[in-house]
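**Q** Supplied structure: model29.cif, mmCIF, C-alpha atoms and all ligand atoms.
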```cif
data_structure
loop_
_atom_site.group_PDB
_atom_site.id
_atom_site.type_symbol
_atom_site.label_atom_id
_atom_site.label_comp_id
_atom_site.auth_asym_id
_atom_site.auth_seq_id
_atom_site.Cartn_x
_atom_site.Cartn_y
_atom_site.Cartn_z
ATOM 1 C CA MET N 130 0.000 0.000 0.000
ATOM 2 C CA PRO N 131 1.569 3.351 -1.027
ATOM 3 C CA THR N 132 2.132 5.656 1.936
ATOM 4 C CA SER N 133 1.728 8.947 0.120
ATOM 5 C CA ILE N 134 -0.074 9.957 -3.040
ATOM 6 C CA ARG N 135 0.430 12.783 -5.550
ATOM 7 C CA ASP N 136 -2.427 13.073 -7.979
ATOM 8 C CA GLN N 137 -4.852 15.978 -7.808
ATOM 9 C CA SER N 138 -6.570 14.799 -10.988
ATOM 10 C CA ARG N 139 -8.166 11.912 -9.080
ATOM 11 C CA PRO N 140 -10.712 12.157 -6.245
ATOM 12 C CA ILE N 141 -10.907 10.645 -2.799
ATOM 13 C CA GLY N 142 -13.666 7.996 -2.751
ATOM 14 C CA MET N 143 -15.928 7.485 0.231
ATOM 15 C CA PHE N 144 -18.971 5.348 0.954
ATOM 16 C CA ASP N 145 -21.606 4.535 3.551
ATOM 17 C CA SER N 146 -24.967 2.771 3.572
ATOM 18 C CA GLY N 147 -26.644 6.170 3.349
ATOM 19 C CA PHE N 148 -26.231 9.629 4.860
ATOM 20 C CA GLY N 149 -24.048 8.721 7.860
ATOM 21 C CA GLY N 150 -20.733 8.958 6.035
ATOM 22 C CA LEU N 151 -21.532 12.598 5.282
ATOM 23 C CA THR N 152 -20.331 13.312 8.830
ATOM 24 C CA VAL N 153 -16.916 12.001 7.742
ATOM 25 C CA ALA N 154 -17.146 13.784 4.365
ATOM 26 C CA ARG N 155 -17.697 17.064 6.227
ATOM 27 C CA ALA N 156 -14.526 16.583 8.286
ATOM 28 C CA VAL N 157 -12.453 15.583 5.232
ATOM 29 C CA ILE N 158 -13.715 18.522 3.150
ATOM 30 C CA ASP N 159 -13.060 20.993 5.978
ATOM 31 C CA LEU N 160 -9.532 19.675 6.473
ATOM 32 C CA LEU N 161 -8.686 19.177 2.779
ATOM 33 C CA PRO N 162 -10.723 21.757 0.830
ATOM 34 C CA ASP N 163 -8.483 21.401 -2.241
ATOM 35 C CA GLN N 164 -9.302 17.725 -2.749
ATOM 36 C CA ASP N 165 -11.965 16.323 -5.079
ATOM 37 C CA LEU N 166 -14.266 13.839 -3.375
ATOM 38 C CA VAL N 167 -16.845 11.324 -4.578
ATOM 39 C CA TYR N 168 -19.336 10.217 -1.927
ATOM 40 C CA PHE N 169 -21.428 7.094 -2.505
ATOM 41 C CA GLY N 170 -24.501 6.599 -0.281
ATOM 42 C CA ASP N 171 -25.980 3.133 -0.763
ATOM 43 C CA THR N 172 -29.450 4.385 0.209
ATOM 44 C CA GLY N 173 -31.087 1.829 -2.095
ATOM 45 C CA ARG N 174 -29.863 -0.939 0.245
ATOM 46 C CA TYR N 175 -29.587 0.702 3.682
ATOM 47 C CA PRO N 176 -29.563 -0.192 6.554
ATOM 48 C CA TYR N 177 -26.447 -2.353 6.674
ATOM 49 C CA GLY N 178 -26.647 -2.933 10.436
ATOM 50 C CA PRO N 179 -29.115 -5.863 10.433
ATOM 51 C CA ARG N 180 -27.467 -7.610 7.437
ATOM 52 C CA SER N 181 -24.960 -10.469 7.621
ATOM 53 C CA GLN N 182 -21.226 -9.741 7.449
ATOM 54 C CA GLU N 183 -21.077 -11.611 4.123
ATOM 55 C CA GLU N 184 -23.719 -9.403 2.570
ATOM 56 C CA VAL N 185 -22.134 -6.168 3.827
ATOM 57 C CA LEU N 186 -18.781 -7.413 2.505
ATOM 58 C CA ALA N 187 -20.306 -8.090 -0.924
ATOM 59 C CA PHE N 188 -21.932 -4.629 -1.046
ATOM 60 C CA SER N 189 -18.712 -2.949 0.089
ATOM 61 C CA ARG N 190 -16.650 -4.708 -2.589
ATOM 62 C CA GLN N 191 -19.172 -3.768 -5.223
ATOM 63 C CA ILE N 192 -19.114 -0.074 -4.270
ATOM 64 C CA ALA N 193 -15.327 0.047 -3.895
ATOM 65 C CA HIS N 194 -14.750 -1.467 -7.333
ATOM 66 C CA HIS N 195 -17.379 0.797 -8.848
ATOM 67 C CA LEU N 196 -15.670 3.901 -7.408
ATOM 68 C CA ARG N 197 -12.276 2.665 -8.541
ATOM 69 C CA ARG N 198 -13.455 1.898 -12.075
ATOM 70 C CA GLU N 199 -15.837 4.802 -12.754
ATOM 71 C CA TYR N 200 -14.155 7.602 -10.806
ATOM 72 C CA ARG N 201 -10.504 6.443 -10.684
ATOM 73 C CA ILE N 202 -10.364 7.196 -6.963
ATOM 74 C CA LYS N 203 -6.888 7.448 -5.453
ATOM 75 C CA LEU N 204 -7.872 6.568 -1.888
ATOM 76 C CA LEU N 205 -10.955 4.988 -0.323
ATOM 77 C CA VAL N 206 -12.577 5.939 2.976
ATOM 78 C CA VAL N 207 -14.974 3.332 4.327
ATOM 79 C CA ALA N 208 -17.146 5.885 6.156
ATOM 80 C CA CYS N 209 -19.313 3.235 7.788
ATOM 81 C CA ASN N 210 -18.512 1.220 10.896
ATOM 82 C CA THR N 211 -20.607 -1.761 9.830
ATOM 83 C CA ALA N 212 -18.758 -1.939 6.491
ATOM 84 C CA SER N 213 -15.388 -1.294 8.169
ATOM 85 C CA ALA N 214 -16.039 -4.247 10.498
ATOM 86 C CA ALA N 215 -17.082 -6.541 7.660
ATOM 87 C CA ALA N 216 -14.890 -5.470 4.768
ATOM 88 C CA LEU N 217 -11.846 -3.346 5.668
ATOM 89 C CA ALA N 218 -9.312 -6.200 5.656
ATOM 90 C CA THR N 219 -10.584 -7.590 2.338
ATOM 91 C CA LEU N 220 -10.683 -4.182 0.648
ATOM 92 C CA ARG N 221 -7.123 -3.454 1.776
ATOM 93 C CA ARG N 222 -6.022 -6.760 0.252
ATOM 94 C CA GLU N 223 -7.940 -6.323 -2.984
ATOM 95 C CA LEU N 224 -7.412 -2.685 -3.875
ATOM 96 C CA ASP N 225 -4.172 -1.138 -5.056
ATOM 97 C CA ILE N 226 -4.965 2.158 -3.283
ATOM 98 C CA PRO N 227 -4.928 3.037 0.445
ATOM 99 C CA VAL N 228 -8.127 2.173 2.295
ATOM 100 C CA VAL N 229 -9.041 4.035 5.504
ATOM 101 C CA GLY N 230 -11.692 2.783 7.943
ATOM 102 C CA VAL N 231 -13.439 4.526 10.839
ATOM 103 C CA ILE N 232 -13.169 2.051 13.715
ATOM 104 C CA GLU N 233 -9.547 2.501 14.722
ATOM 105 C CA PRO N 234 -9.533 6.321 14.354
ATOM 106 C CA GLY N 235 -12.683 6.606 16.486
ATOM 107 C CA LEU N 236 -11.303 4.338 19.159
ATOM 108 C CA ARG N 237 -8.019 6.243 19.201
ATOM 109 C CA ALA N 238 -9.926 9.499 19.750
ATOM 110 C CA ALA N 239 -12.087 8.027 22.535
ATOM 111 C CA THR N 240 -9.206 6.431 24.442
ATOM 112 C CA THR N 241 -7.351 9.752 24.285
ATOM 113 C CA VAL N 242 -10.323 11.681 25.665
ATOM 114 C CA THR N 243 -11.433 9.399 28.530
ATOM 115 C CA ARG N 244 -10.260 10.226 32.037
ATOM 116 C CA SER N 245 -11.820 7.331 33.890
ATOM 117 C CA GLY N 246 -10.987 4.732 31.232
ATOM 118 C CA ARG N 247 -14.644 3.741 31.004
ATOM 119 C CA VAL N 248 -15.717 4.201 27.395
ATOM 120 C CA GLY N 249 -19.156 3.460 25.993
ATOM 121 C CA VAL N 250 -19.403 2.362 22.361
ATOM 122 C CA ILE N 251 -22.695 2.408 20.493
ATOM 123 C CA GLY N 252 -23.189 1.028 16.999
ATOM 124 C CA THR N 253 -25.341 -1.086 14.747
ATOM 125 C CA VAL N 254 -26.140 -4.727 15.495
ATOM 126 C CA GLY N 255 -23.589 -5.723 12.817
ATOM 127 C CA THR N 256 -20.772 -3.614 14.248
ATOM 128 C CA ILE N 257 -21.343 -4.514 17.883
ATOM 129 C CA GLY N 258 -21.896 -8.219 17.041
ATOM 130 C CA SER N 259 -18.598 -8.332 15.133
ATOM 131 C CA ARG N 260 -16.702 -7.275 18.282
ATOM 132 C CA ALA N 261 -14.603 -5.060 15.990
ATOM 133 C CA TYR N 262 -14.072 -2.465 18.733
ATOM 134 C CA GLU N 263 -12.838 -5.003 21.283
ATOM 135 C CA THR N 264 -10.461 -6.408 18.634
ATOM 136 C CA ALA N 265 -9.242 -2.941 17.631
ATOM 137 C CA LEU N 266 -8.526 -2.104 21.289
ATOM 138 C CA THR N 267 -6.102 -5.017 21.554
ATOM 139 C CA HIS N 268 -4.069 -3.518 18.658
ATOM 140 C CA LEU N 269 -4.197 0.069 19.809
ATOM 141 C CA ALA N 270 -1.250 1.703 21.541
ATOM 142 C CA GLY N 271 -1.603 4.749 23.782
ATOM 143 C CA PRO N 272 0.330 8.005 23.202
ATOM 144 C CA ASP N 273 3.374 6.593 25.044
ATOM 145 C CA GLY N 274 3.375 3.355 23.028
ATOM 146 C CA SER N 275 1.937 1.200 25.812
ATOM 147 C CA PRO N 276 -1.389 -0.583 25.169
ATOM 148 C CA ALA N 277 -4.307 1.863 25.277
ATOM 149 C CA GLY N 278 -6.077 1.046 28.514
ATOM 150 C CA ALA N 279 -9.844 1.370 28.395
ATOM 151 C CA GLU N 280 -12.810 -0.641 29.492
ATOM 152 C CA LEU N 281 -15.416 -0.761 26.746
ATOM 153 C CA SER N 282 -19.155 -1.001 27.460
ATOM 154 C CA VAL N 283 -20.863 -1.687 24.168
ATOM 155 C CA ALA N 284 -24.507 -1.349 23.147
ATOM 156 C CA ALA N 285 -26.180 -2.150 19.844
ATOM 157 C CA CYS N 286 -28.708 0.465 18.796
ATOM 158 C CA PRO N 287 -31.096 -0.990 16.206
ATOM 159 C CA GLY N 288 -33.461 1.581 14.757
ATOM 160 C CA LEU N 289 -31.388 4.759 15.175
ATOM 161 C CA VAL N 290 -30.019 4.805 11.633
ATOM 162 C CA GLU N 291 -33.579 4.767 10.255
ATOM 163 C CA PHE N 292 -34.416 8.003 12.095
ATOM 164 C CA VAL N 293 -31.434 9.755 10.509
ATOM 165 C CA GLU N 294 -32.250 8.378 7.048
ATOM 166 C CA ARG N 295 -35.691 9.947 7.382
ATOM 167 C CA GLY N 296 -34.074 13.227 8.402
ATOM 168 C CA GLU N 297 -35.663 12.954 11.864
ATOM 169 C CA THR N 298 -32.860 13.896 14.229
ATOM 170 C CA GLU N 299 -34.847 15.004 17.286
ATOM 171 C CA GLY N 300 -38.254 14.614 18.884
ATOM 172 C CA GLU N 301 -40.025 12.379 21.332
ATOM 173 C CA SER N 302 -39.865 9.042 19.464
ATOM 174 C CA VAL N 303 -36.121 9.123 18.883
ATOM 175 C CA THR N 304 -35.488 10.360 22.453
ATOM 176 C CA LEU N 305 -37.511 7.489 23.919
ATOM 177 C CA LEU N 306 -35.624 4.940 21.834
ATOM 178 C CA VAL N 307 -32.226 6.464 22.703
ATOM 179 C CA ARG N 308 -33.098 6.410 26.413
ATOM 180 C CA ARG N 309 -33.923 2.685 26.234
ATOM 181 C CA LEU N 310 -30.927 1.692 24.089
ATOM 182 C CA LEU N 311 -28.372 3.672 26.078
ATOM 183 C CA ALA N 312 -29.401 2.280 29.475
ATOM 184 C CA PRO N 313 -26.448 -0.186 29.632
ATOM 185 C CA VAL N 314 -23.808 2.474 28.952
ATOM 186 C CA ILE N 315 -25.407 4.891 31.418
ATOM 187 C CA GLU N 316 -25.341 2.124 34.006
ATOM 188 C CA ALA N 317 -21.640 1.483 33.281
ATOM 189 C CA ARG N 318 -20.952 5.132 34.277
ATOM 190 C CA VAL N 319 -18.817 5.862 31.231
ATOM 191 C CA ASP N 320 -17.297 9.332 30.896
ATOM 192 C CA THR N 321 -16.915 9.070 27.123
ATOM 193 C CA LEU N 322 -19.364 7.821 24.513
ATOM 194 C CA LEU N 323 -17.918 6.744 21.171
ATOM 195 C CA LEU N 324 -20.424 7.090 18.363
ATOM 196 C CA GLY N 325 -19.559 3.853 16.570
ATOM 197 C CA CYS N 326 -21.873 4.524 13.655
ATOM 198 C CA THR N 327 -21.310 7.447 11.323
ATOM 199 C CA HIS N 328 -25.020 8.307 11.363
ATOM 200 C CA TYR N 329 -25.032 9.028 15.098
ATOM 201 C CA PRO N 330 -23.346 12.472 15.124
ATOM 202 C CA TYR N 331 -26.585 13.714 13.550
ATOM 203 C CA LEU N 332 -28.315 12.610 16.779
ATOM 204 C CA ALA N 333 -25.737 14.304 19.020
ATOM 205 C CA ARG N 334 -28.214 16.604 20.735
ATOM 206 C CA VAL N 335 -30.511 13.757 21.796
ATOM 207 C CA LEU N 336 -27.579 11.513 22.749
ATOM 208 C CA SER N 337 -26.048 14.252 24.863
ATOM 209 C CA ASP N 338 -29.353 15.081 26.578
ATOM 210 C CA VAL N 339 -29.810 11.421 27.507
ATOM 211 C CA MET N 340 -26.203 10.780 28.607
ATOM 212 C CA GLY N 341 -25.811 14.064 30.504
ATOM 213 C CA ARG N 342 -23.467 16.967 29.796
ATOM 214 C CA GLU N 343 -20.557 15.475 31.747
ATOM 215 C CA VAL N 344 -20.208 12.620 29.239
ATOM 216 C CA VAL N 345 -18.066 13.525 26.203
ATOM 217 C CA LEU N 346 -19.381 12.379 22.837
ATOM 218 C CA VAL N 347 -16.674 11.312 20.402
ATOM 219 C CA SER N 348 -17.136 10.619 16.707
ATOM 220 C CA SER N 349 -14.606 9.095 14.321
ATOM 221 C CA ALA N 350 -14.943 11.857 11.713
ATOM 222 C CA ASP N 351 -12.079 14.204 12.654
ATOM 223 C CA GLU N 352 -9.566 11.488 13.480
ATOM 224 C CA THR N 353 -10.389 9.715 10.191
ATOM 225 C CA ALA N 354 -9.875 12.985 8.310
ATOM 226 C CA PHE N 355 -6.452 13.377 9.956
ATOM 227 C CA GLU N 356 -5.539 9.894 8.718
ATOM 228 C CA VAL N 357 -6.572 10.869 5.173
ATOM 229 C CA ARG N 358 -4.553 14.093 5.416
ATOM 230 C CA ASP N 359 -1.463 12.124 6.466
ATOM 231 C CA LEU N 360 -1.766 9.997 3.313
ATOM 232 C CA LEU N 361 -2.041 13.096 1.140
ATOM 233 C CA VAL N 362 0.724 15.287 2.608
ATOM 234 C CA GLU N 363 2.449 15.562 -0.760
ATOM 235 C CA ASP N 364 -0.774 16.129 -2.662
ATOM 236 C CA ARG N 365 -1.845 19.568 -1.472
ATOM 237 C CA ASN N 366 -2.676 22.598 -3.567
ATOM 238 C CA PRO N 367 -3.673 25.516 -1.327
ATOM 239 C CA GLY N 368 -6.164 27.801 -3.014
ATOM 240 C CA ARG N 369 -7.637 25.080 -5.220
ATOM 241 C CA VAL N 370 -11.334 24.418 -4.575
ATOM 242 C CA GLY N 371 -12.143 20.711 -4.708
ATOM 243 C CA ARG N 372 -15.165 19.306 -6.561
ATOM 244 C CA HIS N 373 -17.619 17.215 -4.545
ATOM 245 C CA THR N 374 -19.746 14.582 -6.243
ATOM 246 C CA PHE N 375 -22.593 12.761 -4.513
ATOM 247 C CA VAL N 376 -23.907 9.440 -5.779
ATOM 248 C CA SER N 377 -26.873 7.507 -4.418
ATOM 249 C CA SER N 378 -28.151 4.017 -5.221
ATOM 250 C CA GLY N 379 -31.635 5.123 -4.161
ATOM 251 C CA ASP N 380 -33.764 8.029 -5.325
ATOM 252 C CA SER N 381 -31.403 10.908 -6.048
ATOM 253 C CA GLY N 382 -34.078 13.541 -5.348
ATOM 254 C CA VAL N 383 -34.645 12.164 -1.854
ATOM 255 C CA PHE N 384 -30.886 11.942 -1.351
ATOM 256 C CA GLU N 385 -30.476 15.578 -2.277
ATOM 257 C CA THR N 386 -33.362 16.799 -0.100
ATOM 258 C CA ILE N 387 -32.446 14.924 3.089
ATOM 259 C CA GLY N 388 -28.717 15.130 2.386
ATOM 260 C CA ARG N 389 -28.876 18.923 2.177
ATOM 261 C CA ARG N 390 -30.797 19.104 5.419
ATOM 262 C CA LEU N 391 -28.087 17.084 7.173
ATOM 263 C CA PHE N 392 -24.936 18.146 5.312
ATOM 264 C CA GLY N 393 -25.744 21.645 4.163
ATOM 265 C CA ALA N 394 -26.531 23.528 0.982
ATOM 266 C CA GLU N 395 -23.307 22.466 -0.769
ATOM 267 C CA LEU N 396 -24.895 19.107 -1.483
ATOM 268 C CA VAL N 397 -26.232 19.719 -4.975
ATOM 269 C CA GLY N 398 -27.092 17.468 -7.898
ATOM 270 C CA ALA N 399 -26.864 13.925 -6.561
ATOM 271 C CA THR N 400 -26.258 11.302 -9.262
ATOM 272 C CA GLU N 401 -28.377 8.151 -9.196
ATOM 273 C CA HIS N 402 -26.662 4.793 -9.660
ATOM 274 C CA ARG N 403 -28.947 1.757 -9.677
ATOM 275 C CA TRP N 404 -27.208 -1.574 -9.208
ATOM 276 C CA ASP N 405 -29.461 -3.687 -11.457
ATOM 277 C CA GLY N 406 -27.497 -6.881 -10.945
ATOM 278 C CA GLU N 407 -24.153 -5.248 -11.785
ATOM 279 C CA GLN N 408 -21.046 -7.248 -10.846
ATOM 280 C CA TRP N 409 -17.721 -5.951 -9.611
ATOM 281 C CA ASP N 410 -15.203 -8.403 -11.081
HETATM 282 N N1 LIG K 1 -23.305 4.569 9.063
HETATM 283 C C1 LIG K 1 -23.342 3.123 9.185
HETATM 284 C C2 LIG K 1 -22.347 2.704 10.252
HETATM 285 O O1 LIG K 1 -21.488 3.476 10.575
HETATM 286 C C3 LIG K 1 -24.753 2.696 9.415
HETATM 287 C C4 LIG K 1 -25.003 1.296 9.003
HETATM 288 C C5 LIG K 1 -26.448 0.976 8.682
HETATM 289 O O2 LIG K 1 -26.854 1.294 7.569
HETATM 290 O O3 LIG K 1 -27.122 0.341 9.504
HETATM 291 O O4 LIG K 1 -22.372 1.612 10.753
#
```
Let me see whether you can do it: turn the structure in this file into C-alpha cells.

**A**
Amino acid sequence: MPTSIRDQSRPIGMFDSGFGGLTVARAVIDLLPDQDLVYFGDTGRYPYGPRSQEEVLAFSRQIAHHLRREYRIKLLVVACNTASAAALATLRRELDIPVVGVIEPGLRAATTVTRSGRVGVIGTVGTIGSRAYETALTHLAGPDGSPAGAELSVAACPGLVEFVERGETEGESVTLLVRRLLAPVIEARVDTLLLGCTHYPYLARVLSDVMGREVVLVSSADETAFEVRDLLVEDRNPGRVGRHTFVSSGDSGVFETIGRRLFGAELVGATEHRWDGEQWD
C-alpha cells in the first residue's frame, strides 16, 4: 500500500450505507478543501446494520470497485462502521490504493479523551456483534506506546439509523428509543461515549441530553480525516477548490433533499446509480 499519493486529478472515494458517512465527508472537506471527493450513499440498500457480514462485505466490494473503475479514486474511505467491520481487511487486500476505515480512528480518539478509562461504544447490530471495537482495542497503543487502557461497554442500537435516514434527528420518538438503548452504557458510568456509527453524530443533541453533559461524545470523523490528510501530505494545492460529487443508489431527489438538510446547501445534484445486478469483477 503506497504511503503517500500525488495526484490531484483523481478524487478521494468514500462510501456509507446512506447519509451517515456525510459526517466524515464534512470533516475531510473541511480539512482538505483542495481535494476532489466522490461520496457514494448506498441508500437503495440501507440499513447495513441488520445484514450479515457476508452481505455487507459483498456490497462494500461492489461499491469500492465501482468507485475505482468509474471515478478512478486514489484513496478509499470506508465511512461506515458496519462496512469497516465486515470489509476493511478484504478491501485493503484487494485494492491497489490506500483504504481508511473509521473504527480505529474513532477508538483512538475516545481512548485519548477518557479520564476514567470507562468508554461506551454504540453502533449497529452488525458492528457490535462483530466485536470489531474489542479487537481494535487489543491492537491500539496509547500516546506513550503502551497498550491503550480502556474498558469498553458496548450497546447495539437498532433503529437509530432509520431516524437519521428519514431526516428525523430530534423529537419524542427518537429520544424514547435512545433512552432505552443507552441504558447499559449509562449504568456502566462511562465518561466518554464513542459514536460507533457514522449516522449518530446527527443525533448528538438527543444523545447528549440522555447521557448528561458530563459525558463527552466522540465521533470518528475528525480522526479519520487526519488519517486521510497524512496519506495526502504531498498532494496539497492551497487555493484550489475541490469538486464534490454525490452518488446515491436510491432516489437521487430524496438523497439531495435529506442530504442537504443534514450536510448543508453544498450538497447539490446527486447522481443516481442503480445496481441492477451489476457485478464488480
Ligand atoms: N453509518 C453506518 C455505520 O457506521 C450505518 C449502518 C447501517 O446502515 O445500519 O455503521

**Q** Rank N:Asp171, N:Asp225, N:Glu343, N:Asp380 by their smallest atom-to-atom distance to ligand LIG 1 (chain K), using all atoms listed in the file, and report the top residue only.

**A**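 Looking at the shortest contact to ligand LIG 1 (chain K), the residue is N:Asp171.
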
**Q** Could you list, with a cut-off of 7 Å and counting all atoms listed in the file, the residues of chain N near ligand LIG 1 (chain K), each shown with its nearest atom pair and the distance in Å rounded to one decimal, rows sorted by chain and ascending number, as CSV?

**A**
```
residue,atom,partner,partner_atom,distance
N:Asp145,CA,K:LIG1,N1,5.8
N:Ser146,CA,K:LIG1,O2,4.7
N:Gly147,CA,K:LIG1,O2,6.5
N:Gly149,CA,K:LIG1,N1,4.4
N:Gly150,CA,K:LIG1,N1,5.9
N:Tyr175,CA,K:LIG1,O2,4.8
N:Pro176,CA,K:LIG1,O2,3.3
N:Tyr177,CA,K:LIG1,O2,3.8
N:Gly178,CA,K:LIG1,O3,3.4
N:Pro179,CA,K:LIG1,O3,6.6
N:Ala208,CA,K:LIG1,O1,6.6
N:Cys209,CA,K:LIG1,O1,3.5
N:Asn210,CA,K:LIG1,O1,3.7
N:Thr211,CA,K:LIG1,O4,3.9
N:Ala212,CA,K:LIG1,O4,6.6
N:Gly252,CA,K:LIG1,O4,6.3
N:Thr253,CA,K:LIG1,O4,5.7
N:Thr256,CA,K:LIG1,O4,6.5
N:Val290,CA,K:LIG1,O3,5.7
N:Gly325,CA,K:LIG1,O1,6.3
N:Cys326,CA,K:LIG1,O1,3.3
N:Thr327,CA,K:LIG1,O1,4.0
N:His328,CA,K:LIG1,N1,4.7
```

**Q** Fewer than 4 positions away in the same chain doesn't count, so skip those; otherwise give me all residues within 7 Å of Phe392 in chain N, counting all atoms listed in the file, as a ChimeraX atom specification.

**A** /N:151,388,396

**Q** Would you save the residues of that selection, restricted to C-alpha atoms, as a PDB file, in the coordinates of the input?

**A**
```pdb
ATOM      1  CA  LEU N 151     -21.532  12.598   5.282  1.00  0.00           C
ATOM      2  CA  GLY N 388     -28.717  15.130   2.386  1.00  0.00           C
ATOM      3  CA  LEU N 396     -24.895  19.107  -1.483  1.00  0.00           C
TER       4      LEU N 396
END
```

**Q** Which polymer residues have any atom within 10 Å of an atom of Val157 in chain N, counting all atoms listed in the file, with same-chain residues fewer than 2 positions away left out, as a PDB file with C-alpha atoms, in the coordinates of the input?

**A**
```pdb
ATOM      1  CA  ILE N 141     -10.907  10.645  -2.799  1.00  0.00           C
ATOM      2  CA  LEU N 151     -21.532  12.598   5.282  1.00  0.00           C
ATOM      3  CA  THR N 152     -20.331  13.312   8.830  1.00  0.00           C
ATOM      4  CA  VAL N 153     -16.916  12.001   7.742  1.00  0.00           C
ATOM      5  CA  ALA N 154     -17.146  13.784   4.365  1.00  0.00           C
ATOM      6  CA  ARG N 155     -17.697  17.064   6.227  1.00  0.00           C
ATOM      7  CA  ASP N 159     -13.060  20.993   5.978  1.00  0.00           C
ATOM      8  CA  LEU N 160      -9.532  19.675   6.473  1.00  0.00           C
ATOM      9  CA  LEU N 161      -8.686  19.177   2.779  1.00  0.00           C
ATOM     10  CA  PRO N 162     -10.723  21.757   0.830  1.00  0.00           C
ATOM     11  CA  GLN N 164      -9.302  17.725  -2.749  1.00  0.00           C
ATOM     12  CA  LEU N 166     -14.266  13.839  -3.375  1.00  0.00           C
ATOM     13  CA  VAL N 206     -12.577   5.939   2.976  1.00  0.00           C
ATOM     14  CA  ALA N 350     -14.943  11.857  11.713  1.00  0.00           C
ATOM     15  CA  ASP N 351     -12.079  14.204  12.654  1.00  0.00           C
ATOM     16  CA  GLU N 352      -9.566  11.488  13.480  1.00  0.00           C
ATOM     17  CA  THR N 353     -10.389   9.715  10.191  1.00  0.00           C
ATOM     18  CA  ALA N 354      -9.875  12.985   8.310  1.00  0.00           C
ATOM     19  CA  PHE N 355      -6.452  13.377   9.956  1.00  0.00           C
ATOM     20  CA  GLU N 356      -5.539   9.894   8.718  1.00  0.00           C
ATOM     21  CA  VAL N 357      -6.572  10.869   5.173  1.00  0.00           C
ATOM     22  CA  ARG N 358      -4.553  14.093   5.416  1.00  0.00           C
TER      23      ARG N 358
END
```

**Q** Got a sec to resolve the PyMOL selection byres (((chain N and resi 367) around 10) and not hetatm) on this structure and send the residues as a list in words?

**A** Leu161, Pro162, Asp163, Gln164, Asp364, Arg365, Asn366, Gly368, Arg369 and Val370 of chain N

**Q** Just to be explicit: take each residue in the selection above, keep C-alpha atoms, and write the result as an mmCIF file, in the frame of the given file.

**A**
```cif
data_model
loop_
_atom_site.group_PDB
_atom_site.id
_atom_site.type_symbol
_atom_site.label_atom_id
_atom_site.label_comp_id
_atom_site.auth_asym_id
_atom_site.auth_seq_id
_atom_site.Cartn_x
_atom_site.Cartn_y
_atom_site.Cartn_z
ATOM 1 C CA LEU N 161 -8.686 19.177 2.779
ATOM 2 C CA PRO N 162 -10.723 21.757 0.830
ATOM 3 C CA ASP N 163 -8.483 21.401 -2.241
ATOM 4 C CA GLN N 164 -9.302 17.725 -2.749
ATOM 5 C CA ASP N 364 -0.774 16.129 -2.662
ATOM 6 C CA ARG N 365 -1.845 19.568 -1.472
ATOM 7 C CA ASN N 366 -2.676 22.598 -3.567
ATOM 8 C CA GLY N 368 -6.164 27.801 -3.014
ATOM 9 C CA ARG N 369 -7.637 25.080 -5.220
ATOM 10 C CA VAL N 370 -11.334 24.418 -4.575
#
```

**Q** Rounded to one decimal place, report the CA of Leu236 in chain N-CA of Tyr262 in chain N distance in Å.

**A**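 Taking CA of Leu236 in chain N as the start and CA of Tyr262 in chain N as the end point, the length is 7.4 Å.
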
**Q** Got a sec: who's within 10 Å of Arg308 in chain N, counting all atoms listed in the file, leaving out chain neighbours fewer than 6 positions off, as a list in words?

**A**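 Contacts, in chain order: Ile315, Val335, Leu336, Asp338, Val339 and Met340 of chain N.
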
**Q** When distances are computed from only C-alpha atoms, which of N:Glu316, N:Glu294, N:Ala214, N:Pro330 shows the smallest separation from Arg174 in chain N?

**A**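 Using only C-alpha atoms, Arg174 in chain N sits closest to N:Glu294.
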